[in-house]
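In what follows, a structure is listed as structure tokens, so that the remarks can point back to it.
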Amino acid sequence: MDGHIPERRGQRWSLEEYEKLVAGIVEGLTAEELAARHQRSVASIGWAARSLVPAEEAVDGATALARLTERLTGGGADGTYDSRADGTYDSAYEGRPDGTYNATYDWRARLADVLRTRAATRKTREARGRRERPRQCEPDTIAALWQEATAHRLSPERRTEFLARQPVKALTTYTEDALRPVAARLWRAHGRLLLEEWLLEAKCPGHTAADLSWEAVAEGDTDATTVLHDLSAAAVDELRDVRAHAVLCRRLGLDGHDPRTQSAIGREFSLTRQRVSQLQARGFVRILGSRDPATVALREALRLLLHDGAPGEGAPGEAESAERLRAVADVSFPGAPLNPAGLLLARLSGKSDDEAKRLLGVISALDSQRRKEERQRHHLEARAARASARWTDLAAAADWSGTPGPAPAPEELSALRDVNPREHSGSWFSTKLGREVQYESTTELQVLQLLDHARQIAYYQEQPLAIGYTYRGRPRTYYPDFLAVTTRGHAVLIEAKPQYAIPLAINEAKYRAAAGYCAGRGWGLLVTDGSRTRAGLARHTVDSELERRLLAAVTERELTWPDIREIGHGIPFTSLDIAALVLRHRWTWELGPYRLRST
């Protein structure tokens, strides 16, 4: 019973305080006097007393305190107490004929029993809500792979210690084929194979070699942005709380989910918005306190990104920190609301809750100013001319099936859903429609403004349709971004996507469903970021040697980002080149983590 006792949240009773409580009871202090001495409430004194008496007597705080007082202050008629032959006292609850009690009541033993019971209950509750990944290989396999990569042999004693390490258990959730090349790569690069680094590289390929400086992220370095995104996803995936993990994945757009509001998540799980908020907060607390490899690595990277200034300069000011936080959140959790995405990243970087929320306020103010300036620019007459010229080029790249069919009338169109609130979402007043039009991203806003200013567009509607499609064997619903009707009466279904996101596997599944829908109605289908199109991406010129190498490799195995960098060594290429090849050869491409494979 030495040291600090594990106590109930909010009570924080130490062994010394329990001894002080017992001494006060023996002195004859009332509950109010005990509360004043301990600087606690009377209810807190009662709770502590309940921990020192048998459960059947701990009906409530007042009853427990009265029973504890009887046990501690009662004595024999002659003022002595009964002892055993060995000199010890009986700690059982035994009444005497004269109504007094044994004053040697062993309250410490009772307290130890209570604490053991509470600890066991807490562990049971935690186990029920803990996420456990299925084992893909045995611990002995991990040891064999380590010995194979390092060419070292583990002695029996060292092997026992090795297999008892927590990272070994985590590594067993990966297949042997996935772990072997990672181990070899780390050994070649560093001359060592630490279990924590091995696990982190398995979770987030390329982390150990990536430059996660602010300069690299600001310049859009492909290595930095890919690894930072994967590292953020891996940190959230380390959360073992099942319900908190499910909520955060939906809030941050991870694990195949689109970013969603707390209300939408509550409807999915039949929970109140307040309960979803509690689960989100619980997930935050556990991630902030996590010592798992990806979380620790992300915390170190964020401190470098958000706190360190350029060489020779001090730490960034508040405005610059806000801009950095916005950029990092865009990379780490694309499309997710700044709260919670930015709030979580700011807290992980070491900022207090007040500091993190103040940064979000600065970002909101900066956004407001930018939107005001943007609205002013929209009134320029030259915008209409540029938009019209751009639409001419985009319309030529639209996919059409057969003879154009009739377009729906304006009164037949309406938004089938509200957009999900995100960092870059909002509404924009359309002079063409005479109303506010909602958008979910800056890409959608660019397309929206194009449609509003292009003279060839008669009218349009955001979120006009609900189209069913299947992805990863599950039926889903897809809401195209816009339906535009030209002055010639032709309808064009438009999906606004950044160039790099067009050939992602989930977006290709949506495209196939939309193409079938349009073909039956004589509508055009256009995928664009406002200036470039899906058809243009497919025609993008790529180095023939890079294409040959990737084509040969992807037919043999699934590729990660480090694999692609190694295959393309010596050939300058960008993510746009990879996207064009994915589209051209119909490969399957997924992010978070980065995976490329032949269909």
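FYI, nothing fancy with the structure tokens labels: chains A, B, ... in order, residues from 1 per chain, ligands from 1 as they appear.
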Give me the residues near Arg472 of chain A as an mmCIF file with C-alpha atoms, in the first residue's frame, where near means some atom within 12 Å (using only C-alpha atoms) and where sequence neighbours in that chain fewer than 6 positions away do not count.
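Output below, filename around-v4.cif:
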```
data_model
loop_
_atom_site.group_PDB
_atom_site.id
_atom_site.type_symbol
_atom_site.label_atom_id
_atom_site.label_comp_id
_atom_site.auth_asym_id
_atom_site.auth_seq_id
_atom_site.Cartn_x
_atom_site.Cartn_y
_atom_site.Cartn_z
ATOM 1 C CA ASP A 255 -11.110 4.425 -43.504
ATOM 2 C CA GLY A 256 -13.136 4.929 -46.690
ATOM 3 C CA ALA A 505 -10.597 3.732 -56.959
ATOM 4 C CA ILE A 506 -13.669 5.118 -55.197
ATOM 5 C CA ALA A 509 -16.552 3.543 -59.186
ATOM 6 C CA THR A 588 -6.602 0.468 -58.745
ATOM 7 C CA GLU A 590 -5.993 4.082 -53.060
#
```
Close residues, Pro259 of chain A itself excluded, 8 Å, only C-alpha atoms, min 5 positions apart in chain, as a list in words: Cys249, Arg250, Arg251, Leu252, Gly253, Leu254, Gly335, Ala336, Pro337, Asn420 and Arg422 of chain A
Long-range neighbours of segment 277-292 of chain A as a VMD selection string, 9 Å cut-off, only C-alpha atoms, 2 positions minimum in chain: chain A and resid 196 235 to 236 238 to 241 243 to 245 247 to 248 251 262 272 to 275 294 to 297 299 340 344 347 to 348
A:Lys372, A:Arg586, A:Arg135, A:Arg326 ranked by distance to Glu508 of chain A, top pick (using only C-alpha atoms):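 For Glu508 of chain A, the nearest of the candidates is A:Arg586.
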Quick one: residues within 12 Å of Asp211 of chain A, only C-alpha atoms, excluding same-chain residues fewer than 3 positions away - as a count of residues only? 21
Running DSSP on the backbone, which parts of segment 386-546 of chain A land in alpha helix (DSSP H), as a compact mmCIF listing (two decimals) with C-alpha atoms, in the first residue's frame?
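Contents of out.txt, freshly written:
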```txt
# COMPACT_ATOMS: atom_id res chain seq x y z
CA ARG A 386 -12.73 34.02 -69.35
CA ALA A 387 -15.42 31.69 -68.04
CA SER A 388 -17.08 31.43 -71.43
CA ALA A 389 -13.81 30.59 -73.17
CA ARG A 390 -12.99 27.98 -70.55
CA TRP A 391 -16.40 26.35 -70.81
CA THR A 392 -15.96 25.98 -74.54
CA ASP A 393 -12.82 23.92 -73.95
CA LEU A 394 -14.36 21.86 -71.15
CA ALA A 395 -17.55 21.08 -73.04
CA ALA A 396 -15.50 19.67 -75.90
CA THR A 442 -12.53 25.03 -53.23
CA THR A 443 -12.64 22.89 -56.38
CA GLU A 444 -16.44 22.89 -56.33
CA LEU A 445 -16.41 26.64 -55.74
CA GLN A 446 -14.23 27.14 -58.83
CA VAL A 447 -16.59 25.06 -60.99
CA LEU A 448 -19.59 26.82 -59.48
CA GLN A 449 -18.17 30.23 -60.36
CA LEU A 450 -17.37 29.01 -63.86
CA LEU A 451 -20.97 27.92 -64.41
CA ASP A 452 -22.30 31.17 -63.03
CA HIS A 453 -20.16 33.36 -65.30
CA ALA A 505 -10.60 3.73 -56.96
CA ILE A 506 -13.67 5.12 -55.20
CA ASN A 507 -14.00 7.98 -57.69
CA GLU A 508 -13.68 5.60 -60.65
CA ALA A 509 -16.55 3.54 -59.19
CA LYS A 510 -18.65 6.72 -59.00
CA TYR A 511 -17.69 7.65 -62.58
CA ARG A 512 -18.83 4.30 -63.97
CA ALA A 513 -22.19 4.64 -62.22
CA ALA A 514 -22.65 8.21 -63.47
CA ALA A 515 -21.70 7.24 -67.04
CA GLY A 516 -24.37 4.56 -67.12
CA TYR A 517 -26.93 7.00 -65.74
CA CYS A 518 -26.12 9.67 -68.37
CA ALA A 519 -26.03 7.20 -71.28
CA ARG A 534 -10.52 13.60 -66.97
CA ALA A 535 -10.05 13.19 -70.71
CA GLY A 536 -7.10 15.60 -70.63
CA LEU A 537 -5.53 13.67 -67.75
CA ALA A 538 -5.75 10.45 -69.77
CA SER A 544 7.92 6.02 -71.54
CA GLU A 545 10.62 4.42 -69.38
CA LEU A 546 8.69 5.25 -66.19
```
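The residue that comes closest to Ile571 of chain A, out of A:Leu591, A:Phe482, A:Asp543, A:Arg185 and on the basis of only C-alpha atoms, is A:Asp543.
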Fewer than 4 positions away in the same chain doesn't count, so skip those; otherwise give me all residues within 10 Å of Leu171 of chain A, counting only C-alpha atoms, as a PyMOL selection string. chain A and resi 135-139+141-142+166-167+175-176+179+195-196+198-200+202-203
Considering only C-alpha atoms, can you say which of A:Arg371, A:Arg595, A:Arg267, A:Arg584 comes closest to Thr560 of chain A?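 Closest candidate: A:Arg595.
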Shortest contact to Ala209 of chain A, candidates A:Gly570, A:Val328, A:Asp399, A:Trp561, atoms counted only C-alpha atoms, goes to A:Trp561
When you look at Leu526 of chain A with a cut-off of 7 Å (counting only C-alpha atoms), what residues show up, excluding the ones that are within fewer than 5 positions of it in the same chain? I need them as a CSV table (one decimal) with N, CA, C and O atoms, in the first residue's frame.
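Generated output (out19.csv):
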```csv
chain,number,residue,atom,x,y,z
A,398,ALA,N,-16.3,16.7,-72.7
A,398,ALA,CA,-17.3,15.9,-72.1
A,398,ALA,C,-17.6,14.6,-72.8
A,398,ALA,O,-17.5,14.6,-74.0
A,399,ASP,N,-18.0,13.6,-72.1
A,399,ASP,CA,-18.4,12.3,-72.7
A,399,ASP,C,-19.9,12.3,-73.0
A,399,ASP,O,-20.7,12.5,-72.1
A,492,VAL,N,-25.5,18.5,-68.9
A,492,VAL,CA,-24.2,18.0,-68.6
A,492,VAL,C,-24.1,17.7,-67.1
A,492,VAL,O,-24.2,18.7,-66.3
A,493,LEU,N,-23.9,16.5,-66.8
A,493,LEU,CA,-23.6,16.1,-65.4
A,493,LEU,C,-22.2,16.4,-65.1
A,493,LEU,O,-21.3,15.9,-65.8
A,494,ILE,N,-21.9,17.1,-64.0
A,494,ILE,CA,-20.5,17.6,-63.7
A,494,ILE,C,-20.1,17.1,-62.3
A,494,ILE,O,-20.8,17.3,-61.3
A,495,GLU,N,-18.9,16.5,-62.3
A,495,GLU,CA,-18.2,16.1,-61.0
A,495,GLU,C,-17.0,16.9,-60.9
A,495,GLU,O,-16.1,16.9,-61.7
```
